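**Student:** Okay, so here is target-v6.cif, and as you'll see once you scroll down, it has mmCIF, C-alpha atoms.
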```cif
data_query
#
loop_
_atom_site.label_atom_id
_atom_site.label_comp_id
_atom_site.auth_asym_id
_atom_site.auth_seq_id
_atom_site.Cartn_x
_atom_site.Cartn_y
_atom_site.Cartn_z
CA MET A 166 77.94 75.86 64.63
CA ASP A 167 74.61 74.13 64.09
CA GLU A 168 75.66 73.03 60.62
CA ILE A 169 77.57 69.78 60.94
CA TYR A 170 80.50 70.12 58.57
CA LYS A 171 82.03 67.02 57.01
CA ASN A 172 85.56 68.32 57.65
CA ALA A 173 84.89 70.38 60.76
CA PRO A 174 88.07 71.66 62.46
CA LEU A 175 86.49 71.25 65.89
CA ILE A 176 88.59 69.16 68.29
CA GLU A 177 86.83 69.80 71.62
CA VAL A 178 83.71 71.38 73.10
CA VAL A 179 83.47 72.22 76.81
CA PHE A 180 80.74 73.51 79.08
CA GLU A 181 81.96 74.58 82.51
CA ILE A 182 80.25 76.00 85.58
CA ARG A 183 82.04 77.66 88.50
CA PHE A 184 80.72 78.28 91.99
CA PRO A 185 81.94 79.22 95.50
CA ALA A 186 84.34 76.50 96.68
CA GLU A 187 82.58 73.54 98.27
CA PHE A 188 84.77 71.20 100.33
CA ALA A 189 82.05 68.53 100.39
CA ILE A 190 83.03 67.80 96.80
CA LYS A 191 86.46 66.54 97.88
CA CYS A 192 85.34 64.38 100.78
CA LYS A 193 82.15 63.15 99.13
CA THR A 194 83.26 62.66 95.53
CA ASP A 195 81.80 59.16 95.68
CA LEU A 196 78.28 60.65 95.74
CA LEU A 197 78.78 61.79 92.16
CA TYR A 198 80.99 58.97 90.96
CA HIS A 199 78.57 56.17 91.87
CA GLN A 200 75.94 57.86 89.70
CA ILE A 201 78.17 58.18 86.62
CA LYS A 202 80.66 55.29 86.84
CA SER A 203 78.74 53.10 84.39
CA VAL A 204 79.41 55.73 81.69
CA PHE A 205 82.67 57.21 83.05
CA PRO A 206 84.57 54.28 84.58
CA ILE A 207 88.10 55.70 84.11
CA ILE A 208 89.41 57.86 86.95
CA VAL A 209 92.43 60.16 86.63
CA GLU A 210 93.53 61.84 89.84
CA HIS A 211 95.32 65.18 89.55
CA ARG A 212 98.13 66.59 91.62
CA PRO A 213 96.88 69.14 94.18
CA GLU A 214 98.75 72.06 92.56
CA SER A 215 96.76 71.59 89.35
CA GLY A 216 93.63 72.90 91.04
CA PHE A 217 91.61 69.90 89.86
CA ILE A 218 90.71 66.77 91.78
CA TYR A 219 89.59 64.19 89.22
CA ASP A 220 88.87 63.54 85.58
CA PHE A 221 86.21 60.92 84.89
CA LEU A 222 86.50 59.50 81.38
CA ASN A 223 84.29 57.23 79.34
CA LYS A 224 85.75 54.09 77.76
CA SER A 225 86.66 55.79 74.48
CA GLN A 226 88.17 58.71 76.46
CA LYS A 227 86.30 61.11 74.19
CA GLU A 228 84.02 62.37 76.96
CA ILE A 229 85.32 63.77 80.25
CA ILE A 230 83.85 65.19 83.41
CA ARG A 231 86.47 67.35 85.15
CA LEU A 232 85.97 68.14 88.80
CA SER A 233 87.46 70.56 91.33
CA LEU A 234 86.35 72.33 94.48
CA ASP A 235 84.97 75.36 92.66
CA ARG A 236 84.11 74.14 89.15
CA VAL A 237 82.96 71.21 87.08
CA SER A 238 83.04 70.78 83.32
CA TYR A 239 81.84 68.40 80.63
CA HIS A 240 84.21 67.86 77.67
CA ALA A 241 83.36 66.24 74.34
CA LYS A 242 86.00 65.46 71.74
CA GLU A 243 83.36 64.44 69.20
CA TYR A 244 80.55 66.67 67.94
CA SER A 245 78.83 64.35 65.48
CA GLY A 246 75.39 65.02 66.98
CA GLY A 247 75.79 68.78 66.86
CA PHE A 248 74.91 71.19 69.62
CA ALA A 249 71.59 69.54 70.52
CA LYS A 250 73.35 66.30 71.49
CA PHE A 251 76.18 68.12 73.27
CA GLN A 252 73.75 70.27 75.25
CA GLU A 253 71.68 67.25 76.25
CA ASP A 254 74.74 65.40 77.56
CA ALA A 255 76.36 68.41 79.25
CA LEU A 256 73.19 69.41 81.07
CA LYS A 257 72.46 65.85 82.09
CA TYR A 258 75.72 65.55 84.02
CA LEU A 259 76.09 69.12 85.26
CA GLN A 260 72.53 69.24 86.56
CA LEU A 261 73.18 65.91 88.24
CA PHE A 262 76.23 67.49 89.88
CA ILE A 263 74.23 70.57 90.95
CA ASN A 264 71.52 68.43 92.51
CA THR A 265 73.98 66.09 94.22
CA TYR A 266 75.91 68.87 95.97
CA LYS A 267 72.99 71.31 96.24
CA ILE A 268 74.74 74.08 94.32
CA GLU A 269 72.48 77.14 94.16
CA LYS A 270 74.69 80.00 93.00
CA LEU A 271 77.24 80.11 90.21
CA THR A 272 80.05 82.59 89.62
CA ARG A 273 80.71 81.76 85.97
CA THR A 274 79.52 79.65 83.07
CA GLY A 275 81.64 79.05 79.99
CA LEU A 276 80.92 77.39 76.65
CA ARG A 277 84.13 76.73 74.75
CA TYR A 278 84.81 75.58 71.20
CA VAL A 279 88.38 74.71 70.18
CA ASN A 280 89.10 74.52 66.44
CA HIS A 281 92.33 73.45 64.74
CA MET A 282 92.50 74.38 61.06
CA PRO A 283 95.45 72.78 59.22
CA ILE A 284 97.52 75.49 57.55
CA VAL A 285 99.01 75.36 54.07
CA LYS A 286 101.56 78.18 54.06
CA ILE A 287 102.53 80.12 50.95
CA ASN A 288 106.24 80.97 50.81
CA GLY A 289 106.41 80.31 54.54
CA LEU A 290 103.57 82.74 55.33
CA VAL A 291 100.02 82.17 56.61
CA PRO A 292 97.41 83.12 53.96
CA LEU A 293 95.04 84.26 56.70
CA GLU A 294 92.33 85.42 54.31
CA LYS A 295 91.85 81.83 53.11
CA TYR A 296 90.79 80.76 56.61
CA ILE A 297 89.12 83.64 58.42
CA ASN A 298 87.59 87.04 57.78
CA PHE A 299 90.05 88.84 59.99
CA GLY A 300 93.20 90.83 59.46
CA TYR A 301 95.69 93.19 61.07
CA LYS A 302 96.18 96.82 60.08
CA LEU A 303 99.70 97.79 61.08
CA PRO A 304 101.22 101.27 60.76
CA GLY A 305 103.95 102.31 58.39
CA THR A 306 105.20 100.82 55.16
CA ARG A 307 108.00 98.63 56.56
CA ILE A 308 105.72 96.23 58.41
CA PRO A 309 104.19 93.71 55.98
CA ASN A 310 100.67 92.43 56.55
CA GLN A 311 101.85 88.85 56.13
CA PHE A 312 102.90 86.63 58.99
CA GLU A 313 104.85 83.47 59.71
CA GLN A 314 103.21 83.18 63.14
CA LEU A 315 100.51 84.98 65.08
CA HIS A 316 98.94 85.00 68.53
CA THR A 317 95.97 87.25 69.30
CA ILE A 318 93.44 87.33 72.15
CA LEU A 319 90.26 89.37 71.85
CA VAL A 320 87.58 89.80 74.51
CA VAL A 321 84.30 91.39 73.43
CA LYS A 322 81.12 92.14 75.35
CA ILE A 323 77.95 90.64 73.92
CA ASP A 324 74.65 91.25 75.67
CA THR A 325 75.36 90.51 79.35
CA GLY A 326 78.15 88.06 78.56
CA LYS A 327 81.67 88.14 77.11
CA LEU A 328 83.31 86.22 74.31
CA LYS A 329 87.03 85.48 74.44
CA ILE A 330 88.58 84.62 71.09
CA LEU A 331 92.07 83.14 70.85
CA LEU A 332 93.65 83.07 67.40
CA GLN A 333 97.13 81.61 67.01
CA THR A 334 99.36 79.42 64.91
CA LYS A 335 100.53 76.23 66.58
CA GLU A 336 102.60 73.20 65.63
CA ILE A 337 101.05 69.90 66.61
CA THR A 338 103.92 67.66 67.62
CA ASP A 339 102.62 64.40 66.25
CA ILE A 340 104.21 62.23 63.55
CA THR A 341 103.35 64.70 60.78
CA LYS A 342 104.18 67.87 62.74
CA THR A 343 101.11 69.59 61.38
CA GLU A 344 100.86 73.36 61.76
CA VAL A 345 97.37 74.60 62.57
CA LEU A 346 95.50 77.83 62.99
CA VAL A 347 93.84 77.66 66.41
CA LEU A 348 90.46 79.37 66.70
CA ASP A 349 89.32 79.07 70.30
CA PHE A 350 86.00 80.55 71.47
CA ASP A 351 85.01 80.84 75.14
CA PHE A 352 81.66 82.52 75.80
CA MET A 353 81.17 83.33 79.47
CA TYR A 354 78.65 84.73 81.89
CA THR A 355 80.03 85.96 85.21
CA GLY A 356 78.67 87.42 88.43
CA GLN A 357 75.85 86.26 90.66
CA LEU A 358 74.27 83.52 88.55
CA ASP A 359 71.42 81.19 89.45
CA ALA A 360 72.25 77.51 88.97
CA LYS A 361 68.64 76.91 87.91
CA ASN A 362 69.27 78.95 84.76
CA ILE A 363 72.11 76.94 83.21
CA VAL A 364 69.86 75.89 80.30
CA GLU A 365 69.47 79.55 79.39
CA TYR A 366 73.18 80.26 79.85
CA ILE A 367 74.37 77.44 77.59
CA ALA A 368 71.71 78.13 74.93
CA LYS A 369 72.52 81.84 74.67
CA SER A 370 76.25 81.15 74.72
CA HIS A 371 75.83 78.80 71.78
CA THR A 372 73.69 81.21 69.77
CA TYR A 373 76.17 84.07 70.01
CA THR A 374 79.22 81.87 69.40
CA LYS A 375 77.64 80.13 66.40
CA ASP A 376 76.79 83.42 64.70
CA ILE A 377 80.29 84.83 65.19
CA PHE A 378 81.90 81.57 64.04
CA GLU A 379 79.87 81.61 60.82
CA ASP A 380 80.76 85.27 60.20
CA LEU A 381 84.43 84.80 60.99
CA ILE A 382 85.17 81.72 58.87
CA ALA A 383 86.14 82.60 55.28
CA SER A 384 83.85 81.32 52.54
CA GLU A 385 86.80 79.53 50.95
CA TYR A 386 87.45 77.53 54.10
CA LYS A 387 83.76 76.75 54.53
CA LYS A 388 84.02 74.88 51.21
CA VAL A 389 86.82 72.80 52.76
CA MET A 390 84.70 72.10 55.85
CA ARG A 391 81.73 71.02 53.73
CA GLY A 392 83.95 68.74 51.66
CA ASP A 393 83.44 70.72 48.46
CA GLN A 394 87.22 71.01 48.09
CA VAL A 395 90.32 69.81 49.91
#
```
Write out the structure in this file as structure tokens.
**Tutor:**
Amino acid sequence: MDEIYKNAPLIEVVFEIRFPAEFAIKCKTDLLYHQIKSVFPIIVEHRPESGFIYDFLNKSQKEIIRLSLDRVSYHAKEYSGGFAKFQEDALKYLQLFINTYKIEKLTRTGLRYVNHMPIVKINGLVPLEKYINFGYKLPGTRIPNQFEQLHTILVVKIDTGKLKILLQTKEITDITKTEVLVLDFDFMYTGQLDAKNIVEYIAKSHTYTKDIFEDLIASEYKKVMRGDQV
């Protein structure tokens, strides 16, 4: 995803770290907030059952730091600066968090890319081959390889990490009621992780995800993303 496409379907990028629950985060949230409030002045408090404590949003509400007792994440709803800018911002705030609460060990890191590709159906069916290099091989002759809707989750091992891929059709309930093909990547490292190595974790996660994204997107849709055709 290093190439910055003119019509990129990307709607959100997230980098999250998880760690053994630390109750100091709840009673000393101000230690973090006073360091970031000039950039993230908007506070949204969550209900306890959600598992999260706070969202801190910037003024445009296009950047979010989400906080709970056992995880923290940086969310960006714009990707105009590409991965280099996202990585710089994510590491800035997550390393600040790690230093503030003296987090040494992590249990998981996750780099997530959420894409929404607007679908133009043909006779009510999704022309999947126009969007991605992926298909379904179903048995028998009575099951057509054409679909009105789909929902697939794949988890693959890559190196010492795992990549979860969610592929589904979804109707966006806005004014236009747009139907999209969701392509959601979440590359994760799990186990006993050293918080000092988050630069390595995010960089490797990006490299693997970028390569698979480029392989998976159909050449016809890449033309749409570049603005060569609409």
**Student:** I'd like the neighbourhood of A:Ile176 as a PyMOL selection string, where a residue qualifies if any of its atoms comes within 12 Å (using all atoms listed in the file), though same-chain residues fewer than 4 positions away should be ignored.
**Tutor:** chain A and resi 172+227-228+240-245+277-283+345+347-349
**Student:** Counting only C-alpha atoms, which of A:Ile318, A:Gly247, A:Ile284, A:Glu313 gets nearest to A:Lys342?
**Tutor:**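 The closest residue to A:Lys342 is A:Ile284.
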**Student:** Can you list, as a list in words, the residues that the PyMOL selection byres ((chain A and resi 220-225) around 8) selects here?
**Tutor:**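 On this input, the PyMOL selection byres ((chain A and resi 220-225) around 8) captures Val204, Phe205, Pro206, Ile207, Ile208, Val209, Glu210, His211, Ile218, Tyr219, Gln226, Lys227, Glu228, Ile229, Ile230, Arg231 and Leu232 of chain A.
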**Student:** With distances taken over all atoms listed in the file, which of A:Ser215, A:Gln333, A:Asn362, A:Ser384 is nearest to A:Ile263?
**Tutor:**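 Residue with the minimum atom-to-atom distance to A:Ile263: A:Asn362.
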**Student:** Return the single residue from A:Ala249, A:Ile201, A:Ile337, A:Leu256 that is closest to A:Tyr366, with distances computed using only C-alpha atoms.
**Tutor:** A:Leu256
**Student:** Can you list, as a PyMOL selection string, the residues that the PyMOL selection byres ((chain A and resi 265) around 12) selects here?
**Tutor:** chain A and resi 189-190+193-201+258-264+266-269
**Student:** Translate the PyMOL selection byres ((chain A and resi 325-329) around 6), as applied to the file shown, into an explicit residue set as a compact mmCIF listing (two decimals) with C-alpha atoms, in the coordinates of the input.
**Tutor:**
```txt
# COMPACT_ATOMS: atom_id res chain seq x y z
CA LEU A 319 90.26 89.37 71.85
CA VAL A 320 87.58 89.80 74.51
CA VAL A 321 84.30 91.39 73.43
CA LYS A 322 81.12 92.14 75.35
CA ILE A 323 77.95 90.64 73.92
CA ASP A 324 74.65 91.25 75.67
CA ILE A 330 88.58 84.62 71.09
CA PHE A 350 86.00 80.55 71.47
CA ASP A 351 85.01 80.84 75.14
CA PHE A 352 81.66 82.52 75.80
CA MET A 353 81.17 83.33 79.47
CA TYR A 354 78.65 84.73 81.89
```
**Student:** Would you compute the box with edges along x, y and z of the file around stretch 183-194 of chain A, including every atom the file lists for it and 3 Å extra on each side, and give its centre and edge lengths in Å to one decimal, as AutoDock Vina command-line options?
**Tutor:**
```
--center_x 83.6 --center_y 70.9 --center_z 94.6 --size_x 11.7 --size_y 22.6 --size_z 18.3
```
**Student:** Quote the spacing between atom CA of A:Leu293 and atom CA of A:Ser370 in Å to one decimal place.
**Tutor:** 26.2 Å
**Student:** Calculate how many Å separate atom CA of A:Ala383 from atom CA of A:Lys369, rounding to one decimal.
**Tutor:**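 Spanning atom CA of A:Ala383 to atom CA of A:Lys369 is a straight-line distance of 23.7 Å.
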**Student:** Using only C-alpha atoms, which of A:Ala173, A:Val237, A:Leu303, A:Ala360 sits nearest A:Lys388?
**Tutor:** A:Ala173
**Student:** Using only C-alpha atoms, which residues sit within 9 Å of A:Lys295 once same-chain residues fewer than 3 positions away are excluded, as a ChimeraX atom specification?
**Tutor:** /A:291-292,298,382-386
